[in-house]
$ cat my_file36.txt   # compact mmCIF, C-alpha atoms and all ligand atoms
# COMPACT_ATOMS: atom_id res chain seq x y z
CA MET A 1 101.35 66.39 73.98
CA PRO A 2 98.00 66.47 72.17
CA LEU A 3 95.46 68.84 73.72
CA LYS A 4 92.83 66.12 73.83
CA SER A 5 94.74 64.16 76.42
CA PHE A 6 95.64 67.36 78.27
CA TYR A 7 92.09 68.53 78.78
CA PRO A 8 89.38 66.06 77.82
CA ASN A 9 86.38 66.99 79.95
CA SER A 10 85.68 70.70 80.12
CA PRO A 11 84.59 72.36 76.89
CA ASP A 12 84.15 75.67 78.77
CA ILE A 13 87.87 76.15 79.21
CA ILE A 14 89.69 77.35 76.13
CA ILE A 15 93.31 76.29 75.89
CA THR A 16 95.50 77.93 73.29
CA GLU A 17 98.81 76.58 72.07
CA ASN A 18 101.95 78.63 71.40
CA GLN A 19 100.49 81.74 72.98
CA PRO A 20 102.78 84.82 72.93
CA LEU A 21 102.89 86.19 76.47
CA LYS A 22 104.31 89.68 75.82
CA GLN A 23 100.87 91.19 75.91
CA PHE A 24 100.37 89.85 79.44
CA SER A 25 103.31 91.80 80.81
CA THR A 26 103.45 95.58 81.28
CA LEU A 27 107.10 95.41 80.22
CA GLY A 28 106.05 93.92 76.88
CA THR A 29 108.85 91.35 76.63
CA GLY A 30 109.08 87.57 76.79
CA GLY A 31 108.37 84.41 74.84
CA THR A 32 105.60 81.98 74.05
CA ALA A 33 103.72 79.55 76.28
CA GLU A 34 103.27 76.01 75.05
CA TYR A 35 99.76 76.01 76.57
CA PHE A 36 97.74 78.93 77.88
CA ALA A 37 94.38 79.33 79.61
CA GLN A 38 92.34 82.04 81.34
CA PRO A 39 90.01 80.38 83.87
CA GLU A 40 86.88 82.33 84.79
CA THR A 41 86.02 80.49 87.99
CA ILE A 42 87.97 78.92 90.83
CA SER A 43 86.64 75.49 89.90
CA GLN A 44 87.95 75.95 86.34
CA LEU A 45 91.33 76.81 87.85
CA GLN A 46 91.20 73.61 89.91
CA GLU A 47 90.22 71.55 86.86
CA LEU A 48 93.11 73.00 84.89
CA ILE A 49 95.60 72.00 87.57
CA ILE A 50 94.15 68.51 87.82
CA SER A 51 94.46 68.12 84.04
CA ALA A 52 97.94 69.55 83.60
CA ARG A 53 99.68 66.32 84.47
CA ASN A 54 103.51 66.40 84.53
CA MET A 55 103.62 69.99 83.32
CA PRO A 56 105.22 73.05 84.84
CA VAL A 57 102.44 75.53 85.67
CA TYR A 58 103.02 79.29 85.55
CA VAL A 59 100.68 81.97 86.83
CA ILE A 60 100.49 85.50 85.47
CA GLY A 61 98.38 88.10 87.29
CA GLY A 62 98.43 91.70 86.11
CA GLY A 63 101.93 91.17 84.68
CA SER A 64 103.14 94.44 86.20
CA ASN A 65 106.03 93.12 88.26
CA ILE A 66 107.32 90.19 86.23
CA ILE A 67 109.77 89.35 83.51
CA ILE A 68 108.58 86.60 81.21
CA PRO A 69 111.53 84.51 79.96
CA ASP A 70 112.34 84.72 76.23
CA GLY A 71 111.73 81.75 73.91
CA LEU A 72 109.42 78.78 74.35
CA ILE A 73 108.04 78.27 77.85
CA HIS A 74 107.31 74.59 78.28
CA GLY A 75 104.08 73.83 80.16
CA LEU A 76 100.86 75.64 80.99
CA ALA A 77 100.66 79.39 81.61
CA ILE A 78 97.53 80.60 83.37
CA SER A 79 96.35 84.21 83.36
CA THR A 80 94.13 85.02 86.35
CA ARG A 81 92.72 88.21 84.82
CA ARG A 82 89.25 86.74 84.27
CA LEU A 83 89.07 85.41 87.80
CA ASP A 84 87.90 88.70 89.17
CA ALA A 85 84.66 88.41 91.18
CA VAL A 86 84.18 90.34 94.43
CA SER A 87 81.61 89.33 97.02
CA TRP A 88 81.00 91.40 100.12
CA GLN A 89 80.34 89.22 103.16
CA ASN A 90 79.28 92.23 105.25
CA GLU A 91 80.01 95.99 105.25
CA SER A 92 83.66 95.51 106.17
CA SER A 93 84.74 92.21 104.71
CA ALA A 94 84.94 90.91 101.15
CA GLU A 95 86.14 87.87 99.26
CA ILE A 96 88.08 89.02 96.22
CA GLU A 97 89.23 86.69 93.47
CA SER A 98 92.91 86.86 92.64
CA GLY A 99 92.58 88.41 89.18
CA HIS A 100 90.66 91.44 90.42
CA ASN A 101 92.41 94.70 89.62
CA LEU A 102 93.91 96.36 92.72
CA SER A 103 93.12 99.88 91.44
CA HIS A 104 89.51 98.84 91.00
CA LEU A 105 89.34 97.56 94.57
CA VAL A 106 90.77 100.88 95.77
CA LYS A 107 88.05 102.69 93.78
CA ILE A 108 85.33 100.59 95.47
CA LEU A 109 86.79 101.31 98.94
CA ARG A 110 86.94 105.01 98.18
CA GLU A 111 83.28 104.95 97.15
CA LYS A 112 82.36 103.05 100.31
CA ASN A 113 84.36 105.52 102.45
CA ILE A 114 86.55 102.72 103.85
CA GLY A 115 90.11 103.92 104.49
CA GLY A 116 93.35 102.00 105.00
CA LEU A 117 94.42 101.22 101.46
CA GLU A 118 95.14 104.83 100.37
CA PHE A 119 98.81 103.84 100.06
CA SER A 120 97.85 101.55 97.14
CA ALA A 121 97.07 104.60 94.99
CA GLY A 122 98.29 103.93 91.48
CA ILE A 123 99.85 100.51 92.17
CA PRO A 124 99.11 98.42 89.09
CA GLY A 125 98.31 94.71 89.01
CA THR A 126 95.93 92.17 90.47
CA ILE A 127 95.08 91.33 94.07
CA GLY A 128 96.75 87.91 93.76
CA GLY A 129 99.98 89.47 92.50
CA ALA A 130 99.80 92.23 95.11
CA VAL A 131 99.43 89.68 97.93
CA SER A 132 102.17 87.40 96.64
CA GLY A 133 104.66 90.31 96.73
CA ASN A 134 102.98 92.24 99.58
CA ALA A 135 102.69 95.29 97.31
CA GLY A 136 102.63 98.59 99.09
CA ALA A 137 104.21 101.95 99.68
CA GLY A 138 105.30 104.13 102.57
CA GLY A 139 106.03 101.17 104.86
CA ARG A 140 102.55 99.68 104.40
CA GLY A 141 101.56 96.51 102.52
CA ILE A 142 98.38 94.86 101.29
CA CYS A 143 98.94 91.71 103.40
CA GLU A 144 98.02 93.71 106.53
CA PHE A 145 94.38 93.43 105.42
CA ILE A 146 94.28 89.72 104.56
CA GLU A 147 92.18 87.53 106.84
CA CYS A 148 92.54 84.42 104.78
CA VAL A 149 93.85 83.19 101.44
CA LYS A 150 92.20 80.46 99.39
CA ALA A 151 94.67 78.75 97.11
CA VAL A 152 94.83 75.79 94.75
CA ASP A 153 97.53 73.26 95.56
CA ILE A 154 99.44 70.91 93.27
CA SER A 155 96.68 68.27 93.43
CA GLY A 156 93.96 70.79 92.50
CA ARG A 157 92.57 71.01 96.04
CA LEU A 158 91.39 74.34 97.40
CA VAL A 159 93.30 75.03 100.62
CA THR A 160 92.76 77.83 103.13
CA LEU A 161 95.59 79.76 104.76
CA ARG A 162 94.46 81.91 107.65
CA ARG A 163 96.16 85.01 109.01
CA GLY A 164 99.11 83.80 111.10
CA GLU A 165 99.66 80.78 108.84
CA PHE A 166 101.80 82.85 106.47
CA ASP A 167 104.42 85.58 106.97
CA TYR A 168 104.92 88.83 105.15
CA GLY A 169 107.30 91.77 105.17
CA TYR A 170 108.66 94.43 102.85
CA ARG A 171 107.78 93.22 99.34
CA MET A 172 107.55 89.58 100.46
CA CYS A 173 104.92 87.03 101.41
CA SER A 174 105.74 83.46 102.38
CA ILE A 175 102.88 81.86 100.41
CA SER A 176 104.44 79.63 97.73
CA GLY A 177 103.88 76.34 95.92
CA VAL A 178 100.17 77.12 95.50
CA ILE A 179 98.11 79.37 93.24
CA ILE A 180 96.22 82.12 95.05
CA ALA A 181 92.56 81.85 93.99
CA SER A 182 90.93 84.45 96.25
CA VAL A 183 91.54 86.42 99.43
CA ILE A 184 89.24 87.50 102.20
CA MET A 185 90.07 91.05 103.21
CA SER A 186 88.86 92.66 106.41
CA PHE A 187 88.47 96.41 106.87
CA THR A 188 86.88 96.19 110.31
CA ASP A 189 89.27 98.49 112.15
CA CYS A 190 89.83 100.84 109.24
CA PRO A 191 89.24 104.59 109.54
CA ALA A 192 87.22 106.57 106.99
CA TRP A 193 88.76 107.13 103.56
CA ASN A 194 91.44 109.84 103.65
CA GLU A 195 91.39 111.67 100.33
CA SER A 196 94.42 113.85 101.03
CA LEU A 197 96.52 110.81 101.97
CA TYR A 198 95.38 109.14 98.74
CA SER A 199 96.29 112.24 96.69
CA ASP A 200 99.66 112.38 98.42
CA PHE A 201 100.46 108.75 97.43
CA MET A 202 99.11 109.39 93.94
CA SER A 203 101.34 112.44 93.49
CA ARG A 204 104.46 110.42 94.41
CA ARG A 205 103.88 108.64 91.10
CA LYS A 206 104.53 111.87 89.20
CA SER A 207 108.27 111.15 89.45
CA GLN A 208 107.78 107.80 87.67
CA PRO A 209 107.90 107.14 83.90
CA LEU A 210 104.36 105.74 83.73
CA ARG A 211 103.93 106.49 80.01
CA PHE A 212 106.57 103.90 79.09
CA ARG A 213 106.57 100.11 79.23
CA SER A 214 108.24 98.90 82.42
CA ALA A 215 107.79 96.45 85.26
CA GLY A 216 107.74 99.20 87.90
CA CYS A 217 110.62 99.52 90.33
CA THR A 218 113.43 97.16 89.33
CA PHE A 219 115.11 96.85 92.74
CA LYS A 220 113.88 96.79 96.32
CA ASN A 221 114.94 99.65 98.52
CA PRO A 222 117.85 98.49 100.70
CA PRO A 223 117.20 99.01 104.44
CA GLY A 224 117.27 102.73 105.23
CA ASN A 225 118.12 103.70 101.67
CA SER A 226 116.53 104.31 98.28
CA ALA A 227 117.43 102.15 95.29
CA GLY A 228 116.40 104.94 92.89
CA LYS A 229 118.64 107.48 94.62
CA LEU A 230 121.63 105.08 94.73
CA LEU A 231 121.22 104.16 91.06
CA ASP A 232 120.95 107.84 90.14
CA GLU A 233 124.00 108.84 92.20
CA CYS A 234 126.03 106.04 90.61
CA GLY A 235 125.22 107.39 87.13
CA CYS A 236 122.86 104.67 85.91
CA LYS A 237 120.31 106.98 84.24
CA GLY A 238 120.48 106.54 80.48
CA LEU A 239 122.44 103.25 80.58
CA THR A 240 121.23 100.82 77.92
CA PHE A 241 121.47 97.14 77.07
CA GLY A 242 119.94 96.04 73.75
CA GLY A 243 116.45 97.56 73.66
CA ALA A 244 116.31 98.27 77.39
CA SER A 245 117.26 101.57 79.00
CA VAL A 246 117.31 103.11 82.45
CA SER A 247 114.71 105.86 82.70
CA ASP A 248 115.99 109.45 82.77
CA MET A 249 113.07 110.29 85.03
CA HIS A 250 113.53 107.65 87.79
CA ALA A 251 116.64 105.49 87.90
CA ASN A 252 114.85 102.48 89.44
CA PHE A 253 112.76 102.02 86.29
CA ILE A 254 113.98 100.04 83.27
CA ILE A 255 112.12 100.94 80.12
CA ASN A 256 111.44 98.77 77.09
CA SER A 257 112.24 101.18 74.30
CA GLY A 258 110.26 99.08 71.82
CA HIS A 259 112.33 96.08 70.86
CA ALA A 260 113.76 94.88 74.19
CA THR A 261 113.95 91.22 75.13
CA SER A 262 113.68 89.98 78.69
CA SER A 263 117.40 89.13 78.56
CA ASP A 264 118.13 92.78 77.70
CA VAL A 265 116.18 93.92 80.78
CA LEU A 266 117.90 91.42 83.08
CA GLY A 267 121.29 92.24 81.52
CA LEU A 268 120.74 95.94 82.19
CA ALA A 269 119.59 95.25 85.77
CA GLU A 270 122.79 93.29 86.36
CA LYS A 271 124.88 96.09 84.87
CA CYS A 272 123.18 98.61 87.20
CA ALA A 273 123.49 96.41 90.30
CA HIS A 274 127.18 95.89 89.52
CA ARG A 275 127.74 99.62 89.17
CA VAL A 276 126.01 100.40 92.48
CA TYR A 277 128.03 97.67 94.22
CA GLU A 278 131.32 99.00 92.81
CA CYS A 279 130.36 102.53 93.75
CA THR A 280 128.86 102.02 97.24
CA GLY A 281 129.40 98.39 98.35
CA ILE A 282 125.59 97.97 98.56
CA LYS A 283 124.08 94.89 96.91
CA LEU A 284 120.73 95.72 95.35
CA GLU A 285 118.11 92.98 95.31
CA LEU A 286 115.71 92.62 92.37
CA GLU A 287 112.10 93.50 93.10
CA ILE A 288 110.84 92.32 89.72
CA LYS A 289 110.50 88.57 89.49
CA THR A 290 111.21 86.26 86.60
CA LEU A 291 108.15 84.13 85.80
CA SER A 292 108.88 80.68 87.20
CA PRO A 293 106.72 77.59 87.73
CA CYS A 294 104.39 77.57 90.76
CA PHE A 295 104.82 73.83 90.58
CA SER A 296 105.29 70.95 88.18
CA VAL A 297 102.04 69.02 88.28
N1 LIG A 301 115.49 109.56 93.71
C1 LIG A 301 116.56 110.11 93.05
N2 LIG A 301 116.74 109.77 91.75
C2 LIG A 301 115.93 108.92 91.08
C3 LIG A 301 114.82 108.36 91.77
C4 LIG A 301 114.62 108.70 93.10
O1 LIG A 301 117.34 110.87 93.61
O2 LIG A 301 116.18 108.66 89.90
C5 LIG A 301 115.26 109.96 95.11
C6 LIG A 301 113.98 110.76 95.28
O3 LIG A 301 114.20 112.11 95.03
C7 LIG A 301 113.61 110.48 96.71
C8 LIG A 301 114.13 109.07 96.94
O4 LIG A 301 115.06 108.80 95.91
O5 LIG A 301 114.29 111.34 97.57
C9 LIG A 301 113.01 108.03 96.93
O6 LIG A 301 112.38 108.02 95.65
P1 LIG A 301 110.81 107.89 95.47
O7 LIG A 301 110.13 108.91 96.31
O8 LIG A 301 110.51 107.87 94.02
O9 LIG A 301 110.43 106.53 96.14
P2 LIG A 301 111.04 105.11 95.90
O10 LIG A 301 111.59 104.63 97.20
O11 LIG A 301 111.95 105.10 94.72
C10 LIG A 301 108.90 103.70 96.51
C11 LIG A 301 108.46 102.37 95.93
C12 LIG A 301 107.60 102.60 94.70
C13 LIG A 301 106.41 103.50 95.06
C14 LIG A 301 106.98 104.82 95.59
C15 LIG A 301 105.90 105.85 95.94
C16 LIG A 301 110.17 100.64 96.26
C17 LIG A 301 111.34 99.96 95.64
N3 LIG A 301 109.64 101.61 95.52
O12 LIG A 301 109.73 104.29 95.50
O13 LIG A 301 107.14 101.34 94.26
O14 LIG A 301 105.62 103.72 93.92
O15 LIG A 301 107.78 104.54 96.77
O16 LIG A 301 105.16 105.48 97.02
O17 LIG A 301 109.77 100.28 97.36
C18 LIG A 301 107.18 99.52 92.71
O18 LIG A 301 107.05 98.78 93.71
O19 LIG A 301 107.20 99.07 91.55
C19 LIG A 301 107.34 100.94 92.94
C20 LIG A 301 107.63 101.75 91.95
$ encode --input "my_file36.txt" --output "structure tokens"
Amino acid sequence: MPLKSFYPNSPDIIITENQPLKQFSTLGTGGTAEYFAQPETISQLQELIISARNMPVYVIGGGSNIIIPDGLIHGLAISTRRLDAVSWQNESSAEIESGHNLSHLVKILREKNIGGLEFSAGIPGTIGGAVSGNAGAGGRGICEFIECVKAVDISGRLVTLRRGEFDYGYRMCSISGVIIASVIMSFTDCPAWNESLYSDFMSRRKSQPLRFRSAGCTFKNPPGNSAGKLLDECGCKGLTFGGASVSDMHANFIINSGHATSSDVLGLAEKCAHRVYECTGIKLELEIKTLSPCFSV
């Protein structure tokens, strides 16, 4: 499809063709998007959706929890990284665009002496990605703080989902079929910032292979158990598949040793899940998600 007919009216939005997406994933694997754009405002995001007629639309946030499929990805891939404005509505409530970096938000809250999100210490990625998977640690999740979500639907309209109009739980949020554009977070009932709690969550990261390319924890923790511990006990550390290997440091991390494909990573995850099932009868569920269309416009 010629670009001219795809996006005739907005010279401000740059659309690239055949864009490699590896660089938009912390794992560093995956193929090429037929079309790619990085909107800088919510209205640009809406315009893109309105223009992308008949195309699958994919959204990439911080790329820290996703596997981008190998090969050509037909349709439009949108990175939200430039959609990152924050506006404080009052001392305890802010509207944060979906591409804003979660670590940066945590830094602002620390400076403002607003507690509550200490558990987010060191979690990579964007606010939009964090909300869509209810990122968290220690039984807490970011969705606890969301008052309302503004999202772009398949027709390009901006819709508002208020607290109570969506569900969330451990590493899940029910919002789907729309693109999260911004969230309003409320810190009204939050205590003061707790530095020792923050340091405690930060130090838990010392057991993780953060110097290597990965998509974070591969599997969710099964109820009452630890995926990392189960994988370790079943001898998964050091297993490989193509260019992917299970970290020797933390068994729930799959590392791209330099030349891995996304199929290698998924193949290795399957091998590990199979081994844990054979060994314990427990079925591990993937935490990392394969990039799939939000919708076909
Ligand atoms: N363990 C092992 N061997 C391993 C890894 C872990 O025996 O190879 C043991 C640990 O010794 C510990 C237990 O398993 O007793 C739990 O491990 P850990 O403390 O590392 O926590 P986790 O449950 O593996 C969770 C989150 C992490 C988050 C940390 C720290 C999940 C799936 N993982 O890890 O989140 O960073 O707590 O708060 O919920 C992520 O979401 O990408 C992620 C890494």
$ closest_atom_pairs --input "my_file36.txt" --of "chain A" --to "ligand LIG 301 (chain A)" --cutoff "9 Å" --atoms "all atoms listed in the file" --output "tab-separated table"
residue	atom	partner	partner_atom	distance
A:Ser64	CA	A:LIG301	O19	8.2
A:Asn65	CA	A:LIG301	O19	6.9
A:Phe119	CA	A:LIG301	O16	7.2
A:Ser120	CA	A:LIG301	O16	8.3
A:Ala121	CA	A:LIG301	O16	8.4
A:Gly122	CA	A:LIG301	O14	7.7
A:Ile123	CA	A:LIG301	O14	6.8
A:Pro124	CA	A:LIG301	O19	8.5
A:Ala135	CA	A:LIG301	O18	6.6
A:Gly136	CA	A:LIG301	O18	7.0
A:Ala137	CA	A:LIG301	O16	4.5
A:Gly138	CA	A:LIG301	O16	5.7
A:Gly139	CA	A:LIG301	O17	8.4
A:Tyr170	CA	A:LIG301	O17	8.1
A:Arg171	CA	A:LIG301	O17	7.6
A:Asp200	CA	A:LIG301	O16	8.9
A:Phe201	CA	A:LIG301	O16	5.7
A:Met202	CA	A:LIG301	O16	7.8
A:Ser203	CA	A:LIG301	C15	8.4
A:Arg204	CA	A:LIG301	C15	5.0
A:Arg205	CA	A:LIG301	O14	5.9
A:Lys206	CA	A:LIG301	O8	8.7
A:Ser207	CA	A:LIG301	O8	6.1
A:Gln208	CA	A:LIG301	O8	6.9
A:Ala215	CA	A:LIG301	O19	6.8
A:Gly216	CA	A:LIG301	O19	3.7
A:Cys217	CA	A:LIG301	O19	3.7
A:Thr218	CA	A:LIG301	O19	6.9
A:Phe219	CA	A:LIG301	C17	5.7
A:Lys220	CA	A:LIG301	C17	4.1
A:Asn221	CA	A:LIG301	C17	4.6
A:Pro222	CA	A:LIG301	C17	8.4
A:Asn225	CA	A:LIG301	O10	8.0
A:Ser226	CA	A:LIG301	O10	5.1
A:Ala227	CA	A:LIG301	O11	6.2
A:Gly228	CA	A:LIG301	C3	3.9
A:Lys229	CA	A:LIG301	C1	3.7
A:Leu230	CA	A:LIG301	O1	7.3
A:Leu231	CA	A:LIG301	O2	6.9
A:Asp232	CA	A:LIG301	O2	4.8
A:Glu233	CA	A:LIG301	O1	7.1
A:Cys236	CA	A:LIG301	O2	8.7
A:Lys237	CA	A:LIG301	O2	7.2
A:Ser247	CA	A:LIG301	O2	7.9
A:Asp248	CA	A:LIG301	O2	7.2
A:Met249	CA	A:LIG301	O2	6.0
A:His250	CA	A:LIG301	O2	3.5
A:Ala251	CA	A:LIG301	O2	3.8
A:Asn252	CA	A:LIG301	C3	6.3
A:Phe253	CA	A:LIG301	C20	7.6
A:Glu287	CA	A:LIG301	C17	7.0
A:Ile288	CA	A:LIG301	O19	7.9
$ residues_near_point --input "my_file36.txt" --point "(89.3, 73.4, 90.1)" --cutoff "12 Å" --atoms "all atoms listed in the file" --output "JSON, numbers by chain"
{"A": [10, 13, 39, 40, 41, 42, 43, 44, 45, 46, 47, 48, 49, 50, 51, 52, 151, 152, 153, 154, 155, 156, 157, 158, 159, 179, 181]}
$ atom_distance --input "my_file36.txt" --atom1 "CA of Leu268 in chain A" --atom2 "CA of Gly63 in chain A"
19.6 Å
$ closest_residue --input "my_file36.txt" --among "A:Glu144, A:Asp189, A:Lys22, A:Ser176" --to "Cys294 in chain A" --atoms "all atoms listed in the file"
A:Ser176
$ residues_around --input "my_file36.txt" --residues "range 100-111 of chain A" --least-positions-apart "5" --cutoff "7 Å" --atoms "all atoms listed in the file" --output "list in words"
Arg81, Leu83, Asp84, Ala85, Leu117, Gly122, Ile123, Pro124, Gly125, Thr126, Ile127 and Trp193 of chain A
$ build_atoms --input "my_file36.txt" --residues "range 99-115 of chain A" --atoms "N, CA, C and O atoms" --output "mmCIF file, in the coordinates of the input"
data_model
loop_
_atom_site.group_PDB
_atom_site.id
_atom_site.type_symbol
_atom_site.label_atom_id
_atom_site.label_comp_id
_atom_site.auth_asym_id
_atom_site.auth_seq_id
_atom_site.Cartn_x
_atom_site.Cartn_y
_atom_site.Cartn_z
ATOM 1 N N GLY A 99 92.326 87.611 90.388
ATOM 2 C CA GLY A 99 92.580 88.410 89.180
ATOM 3 C C GLY A 99 91.967 89.789 89.228
ATOM 4 O O GLY A 99 92.104 90.565 88.281
ATOM 5 N N HIS A 100 91.290 90.122 90.330
ATOM 6 C CA HIS A 100 90.660 91.440 90.420
ATOM 7 C C HIS A 100 91.741 92.523 90.444
ATOM 8 O O HIS A 100 92.776 92.380 91.096
ATOM 9 N N ASN A 101 91.454 93.605 89.740
ATOM 10 C CA ASN A 101 92.410 94.700 89.620
ATOM 11 C C ASN A 101 92.506 95.480 90.943
ATOM 12 O O ASN A 101 91.480 95.897 91.481
ATOM 13 N N LEU A 102 93.735 95.668 91.430
ATOM 14 C CA LEU A 102 93.910 96.360 92.720
ATOM 15 C C LEU A 102 93.363 97.792 92.658
ATOM 16 O O LEU A 102 92.691 98.241 93.594
ATOM 17 N N SER A 103 93.616 98.494 91.554
ATOM 18 C CA SER A 103 93.120 99.880 91.440
ATOM 19 C C SER A 103 91.605 99.921 91.513
ATOM 20 O O SER A 103 91.022 100.859 92.060
ATOM 21 N N HIS A 104 90.966 98.875 90.965
ATOM 22 C CA HIS A 104 89.510 98.840 91.000
ATOM 23 C C HIS A 104 89.016 98.624 92.420
ATOM 24 O O HIS A 104 88.039 99.251 92.859
ATOM 25 N N LEU A 105 89.713 97.769 93.165
ATOM 26 C CA LEU A 105 89.340 97.560 94.570
ATOM 27 C C LEU A 105 89.466 98.877 95.343
ATOM 28 O O LEU A 105 88.595 99.254 96.136
ATOM 29 N N VAL A 106 90.546 99.609 95.082
ATOM 30 C CA VAL A 106 90.770 100.880 95.770
ATOM 31 C C VAL A 106 89.630 101.860 95.442
ATOM 32 O O VAL A 106 89.124 102.574 96.317
ATOM 33 N N LYS A 107 89.170 101.817 94.198
ATOM 34 C CA LYS A 107 88.050 102.690 93.780
ATOM 35 C C LYS A 107 86.770 102.337 94.571
ATOM 36 O O LYS A 107 86.066 103.222 95.061
ATOM 37 N N ILE A 108 86.528 101.033 94.725
ATOM 38 C CA ILE A 108 85.330 100.590 95.470
ATOM 39 C C ILE A 108 85.430 101.078 96.937
ATOM 40 O O ILE A 108 84.468 101.596 97.501
ATOM 41 N N LEU A 109 86.618 100.931 97.529
ATOM 42 C CA LEU A 109 86.790 101.310 98.940
ATOM 43 C C LEU A 109 86.605 102.818 99.116
ATOM 44 O O LEU A 109 86.004 103.278 100.089
ATOM 45 N N ARG A 110 87.096 103.555 98.145
ATOM 46 C CA ARG A 110 86.940 105.010 98.180
ATOM 47 C C ARG A 110 85.460 105.370 98.138
ATOM 48 O O ARG A 110 84.980 106.207 98.907
ATOM 49 N N GLU A 111 84.721 104.693 97.257
ATOM 50 C CA GLU A 111 83.280 104.950 97.150
ATOM 51 C C GLU A 111 82.537 104.566 98.428
ATOM 52 O O GLU A 111 81.567 105.186 98.818
ATOM 53 N N LYS A 112 83.015 103.513 99.083
ATOM 54 C CA LYS A 112 82.360 103.050 100.310
ATOM 55 C C LYS A 112 82.844 103.797 101.557
ATOM 56 O O LYS A 112 82.448 103.477 102.669
ATOM 57 N N ASN A 113 83.781 104.737 101.351
ATOM 58 C CA ASN A 113 84.360 105.520 102.450
ATOM 59 C C ASN A 113 85.078 104.636 103.485
ATOM 60 O O ASN A 113 85.020 104.881 104.679
ATOM 61 N N ILE A 114 85.747 103.583 102.972
ATOM 62 C CA ILE A 114 86.550 102.720 103.850
ATOM 63 C C ILE A 114 88.018 103.051 103.608
ATOM 64 O O ILE A 114 88.528 102.892 102.492
ATOM 65 N N GLY A 115 88.698 103.540 104.632
ATOM 66 C CA GLY A 115 90.110 103.920 104.490
ATOM 67 C C GLY A 115 91.051 102.760 104.773
ATOM 68 O O GLY A 115 90.620 101.653 105.083
#
